[in-house]
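A.B. asks: Here you go, one structure.
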Amino acid sequence: MRKKDVPQDAGTLGPWHQVRYAVADDGSYELVPSAGWDVVDTANAEAWADIREQAESALERVRKGELSPLAFHMVVRLMDDSILAGYAGLARWRVRRHLKPKVFAKLPQRILIKYAQALGLSPEELRRVPERVAPLPGEKDRE
């Protein structure tokens with residue numbers, strides 16, 4: 001892409017800019033700031049909508065007693081069982097087991113603390129889920 005063609009569509013970046021490589025007039029590559037690109041904004045909006053749907057589904061399943069609160073907190077922090085296992089220092093099979101409400105309810109405090117630290121929560125927050133899914137980091141305000 002030529003330097004003059006770098007997209008400058010105002011979008012989700014707000015005051016921030018991305019940096020893109022572009023071809024200068026002399027044929028060399030240069031780093032050029034870009035305010036954004038509608039195509040990227042559209043793709044990101046669709047991805048965040050999918051994550052919101054997953055979070056709302058996890059929240060509903062927690063309320064029905066099908067999953068533990070751990071499942072909801074994993075989704076909104078974009079983690080799966082293997083990522084959380086790595087951050088918490090636990091085996092992946094244990095994380096999957098702890099997604100069961102009855103097992104999660106019996107977890108010792110030391111395990112809850114590991115999960116809480118990995119998820120950036122307190123152990124008390126880890127045990128609860130919100131009334132509704134709050135705006136996610138990549139979403140535009142939903143209110």
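Letters for chains follow the order of the structure tokens (A, B, ...), residue numbers begin at 1 for each chain, and ligand numbers begin at 1 in the order shown.
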I want to know what sits within 8 Å of segment 89-99 of chain A, based on only C-alpha atoms, with residues of the same chain fewer than 2 positions away left out; could you give that as a list in words?
C.D. replies: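 These residues fall inside the cut-off: Leu67, Ser68, Pro69, Leu70, Ala71, Asp81, Ser82, Leu84, Ala85, Gly86, Tyr87, Pro101, Val103, Phe104 and Lys114 of chain A.
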A.B. asks: As a ChimeraX atom specification, please: all residues of chain A that backbone DSSP puts in helix (DSSP H, G or I).
C.D. replies: /A:3-5,38-63,69-76,81-88,92-97,101-105,109-119,123-127
A.B. asks: List the spatial neighbours of Ile113 of chain A as a list in words - criterion: any atom at most 12 Å away, only C-alpha atoms, same-chain residues fewer than 6 positions off excluded.
C.D. replies: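 What passes the distance filter is Tyr87, Ala88, Gly89, Leu107, Leu119, Gly120, Leu121, Ser122, Pro123, Glu124, Glu125, Leu126 and Arg127 of chain A.
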A.B. asks: Restricting the output to all heavy atoms, write the selected residues as a short mmCIF file (atom, residue, chain, number, x, y, z; two decimals), in the first residue's frame.
C.D. replies:
data_model
loop_
_atom_site.label_atom_id
_atom_site.label_comp_id
_atom_site.auth_asym_id
_atom_site.auth_seq_id
_atom_site.Cartn_x
_atom_site.Cartn_y
_atom_site.Cartn_z
N TYR A 87 -1.79 -19.85 33.65
CA TYR A 87 -1.67 -18.70 34.54
C TYR A 87 -1.86 -19.09 36.01
O TYR A 87 -1.24 -18.51 36.89
CB TYR A 87 -2.68 -17.61 34.18
CG TYR A 87 -2.24 -16.75 33.03
CD1 TYR A 87 -2.86 -16.87 31.79
CD2 TYR A 87 -1.22 -15.82 33.17
CE1 TYR A 87 -2.46 -16.07 30.72
CE2 TYR A 87 -0.81 -15.03 32.12
CZ TYR A 87 -1.43 -15.16 30.89
OH TYR A 87 -1.04 -14.38 29.84
N ALA A 88 -2.74 -20.04 36.28
CA ALA A 88 -3.02 -20.43 37.66
C ALA A 88 -2.05 -21.50 38.17
O ALA A 88 -2.03 -21.78 39.37
CB ALA A 88 -4.46 -20.94 37.78
N GLY A 89 -1.28 -22.09 37.28
CA GLY A 89 -0.35 -23.12 37.69
C GLY A 89 -1.04 -24.43 38.05
O GLY A 89 -0.61 -25.14 38.96
N LEU A 107 -14.03 -26.08 46.47
CA LEU A 107 -12.61 -25.76 46.30
C LEU A 107 -12.02 -25.11 47.54
O LEU A 107 -12.66 -24.23 48.15
CB LEU A 107 -12.41 -24.82 45.10
CG LEU A 107 -12.58 -25.42 43.72
CD1 LEU A 107 -12.40 -24.35 42.64
CD2 LEU A 107 -11.61 -26.57 43.49
N LEU A 119 -7.15 -14.35 37.20
CA LEU A 119 -8.25 -13.64 36.54
C LEU A 119 -8.34 -12.17 36.95
O LEU A 119 -9.20 -11.44 36.45
CB LEU A 119 -9.58 -14.34 36.85
CG LEU A 119 -9.72 -15.75 36.26
CD1 LEU A 119 -10.86 -16.50 36.92
CD2 LEU A 119 -9.90 -15.67 34.76
N GLY A 120 -7.49 -11.74 37.85
CA GLY A 120 -7.52 -10.34 38.29
C GLY A 120 -8.72 -10.02 39.15
O GLY A 120 -9.28 -8.92 39.06
N LEU A 121 -9.13 -10.97 39.98
CA LEU A 121 -10.30 -10.81 40.85
C LEU A 121 -9.92 -11.13 42.28
O LEU A 121 -8.85 -11.70 42.54
CB LEU A 121 -11.39 -11.80 40.43
CG LEU A 121 -11.98 -11.69 39.04
CD1 LEU A 121 -12.81 -12.92 38.72
CD2 LEU A 121 -12.81 -10.45 38.94
N SER A 122 -10.81 -10.84 43.20
CA SER A 122 -10.67 -11.33 44.57
C SER A 122 -11.38 -12.69 44.62
O SER A 122 -12.23 -12.97 43.77
CB SER A 122 -11.31 -10.37 45.56
OG SER A 122 -12.71 -10.40 45.43
N PRO A 123 -11.06 -13.53 45.60
CA PRO A 123 -11.78 -14.81 45.70
C PRO A 123 -13.29 -14.64 45.85
O PRO A 123 -14.07 -15.43 45.32
CB PRO A 123 -11.17 -15.47 46.94
CG PRO A 123 -9.79 -14.89 47.02
CD PRO A 123 -9.94 -13.47 46.54
N GLU A 124 -13.71 -13.58 46.53
CA GLU A 124 -15.15 -13.32 46.69
C GLU A 124 -15.78 -12.97 45.34
O GLU A 124 -16.89 -13.43 45.04
CB GLU A 124 -15.39 -12.18 47.68
CG GLU A 124 -14.96 -12.49 49.11
CD GLU A 124 -13.43 -12.45 49.31
OE1 GLU A 124 -12.73 -11.67 48.62
OE2 GLU A 124 -12.94 -13.23 50.14
N GLU A 125 -15.10 -12.14 44.54
CA GLU A 125 -15.63 -11.79 43.21
C GLU A 125 -15.69 -13.02 42.31
O GLU A 125 -16.60 -13.14 41.49
CB GLU A 125 -14.75 -10.73 42.56
CG GLU A 125 -14.82 -9.37 43.22
CD GLU A 125 -13.78 -8.41 42.67
OE1 GLU A 125 -12.61 -8.82 42.48
OE2 GLU A 125 -14.13 -7.23 42.45
N LEU A 126 -14.73 -13.92 42.47
CA LEU A 126 -14.69 -15.13 41.66
C LEU A 126 -15.92 -16.00 41.89
O LEU A 126 -16.42 -16.64 40.96
CB LEU A 126 -13.42 -15.93 41.98
CG LEU A 126 -13.21 -17.25 41.26
CD1 LEU A 126 -13.12 -17.03 39.75
CD2 LEU A 126 -11.98 -17.94 41.78
N ARG A 127 -16.44 -16.01 43.09
CA ARG A 127 -17.60 -16.84 43.42
C ARG A 127 -18.91 -16.27 42.89
O ARG A 127 -19.92 -16.95 42.87
CB ARG A 127 -17.71 -16.99 44.94
CG ARG A 127 -16.66 -17.84 45.55
CD ARG A 127 -16.94 -18.03 47.04
NE ARG A 127 -15.85 -18.69 47.70
CZ ARG A 127 -14.95 -18.09 48.47
NH1 ARG A 127 -15.01 -16.79 48.66
NH2 ARG A 127 -13.99 -18.79 49.03
#
A.B. asks: I'd like the interatomic distance between atom CA of Tyr115 of chain A and atom CA of Asp80 of chain A, to a tenth of an Å.
C.D. replies: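 Computing it gives 12.7 Å between the two atoms.
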A.B. asks: Which residue gives the smallest distance to His73 of chain A among A:Lys100, A:Gln8, A:Arg128, A:Ala47, with only C-alpha atoms counted?
C.D. replies: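 Closest to His73 of chain A, using only C-alpha atoms: A:Arg128.
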A.B. asks: Between A:Arg110, A:Arg2, A:Lys102, A:Arg77, which residue has the minimum interatomic distance to Val32 of chain A, considering only C-alpha atoms?
C.D. replies: A:Arg2
A.B. asks: For Met1 of chain A, please output as an NGL selection string all residues within 9 Å (counting only C-alpha atoms; exclusion window: fewer than 3 positions along the same chain).
C.D. replies: :A and (4-6 or 21-23)
A.B. asks: Pick out the residues sitting within 10 Å of Arg63 of chain A, and hand them over as an MDAnalysis selection string; count only C-alpha atoms, and ignore anything fewer than 6 positions along from it in its own chain.
C.D. replies: chainID A and resid 57 69 129 131
A.B. asks: For Glu60 of chain A, which of A:Val133, A:Val19, A:Leu31, A:Leu112 is the closest residue, counting only C-alpha atoms?
C.D. replies: A:Val133
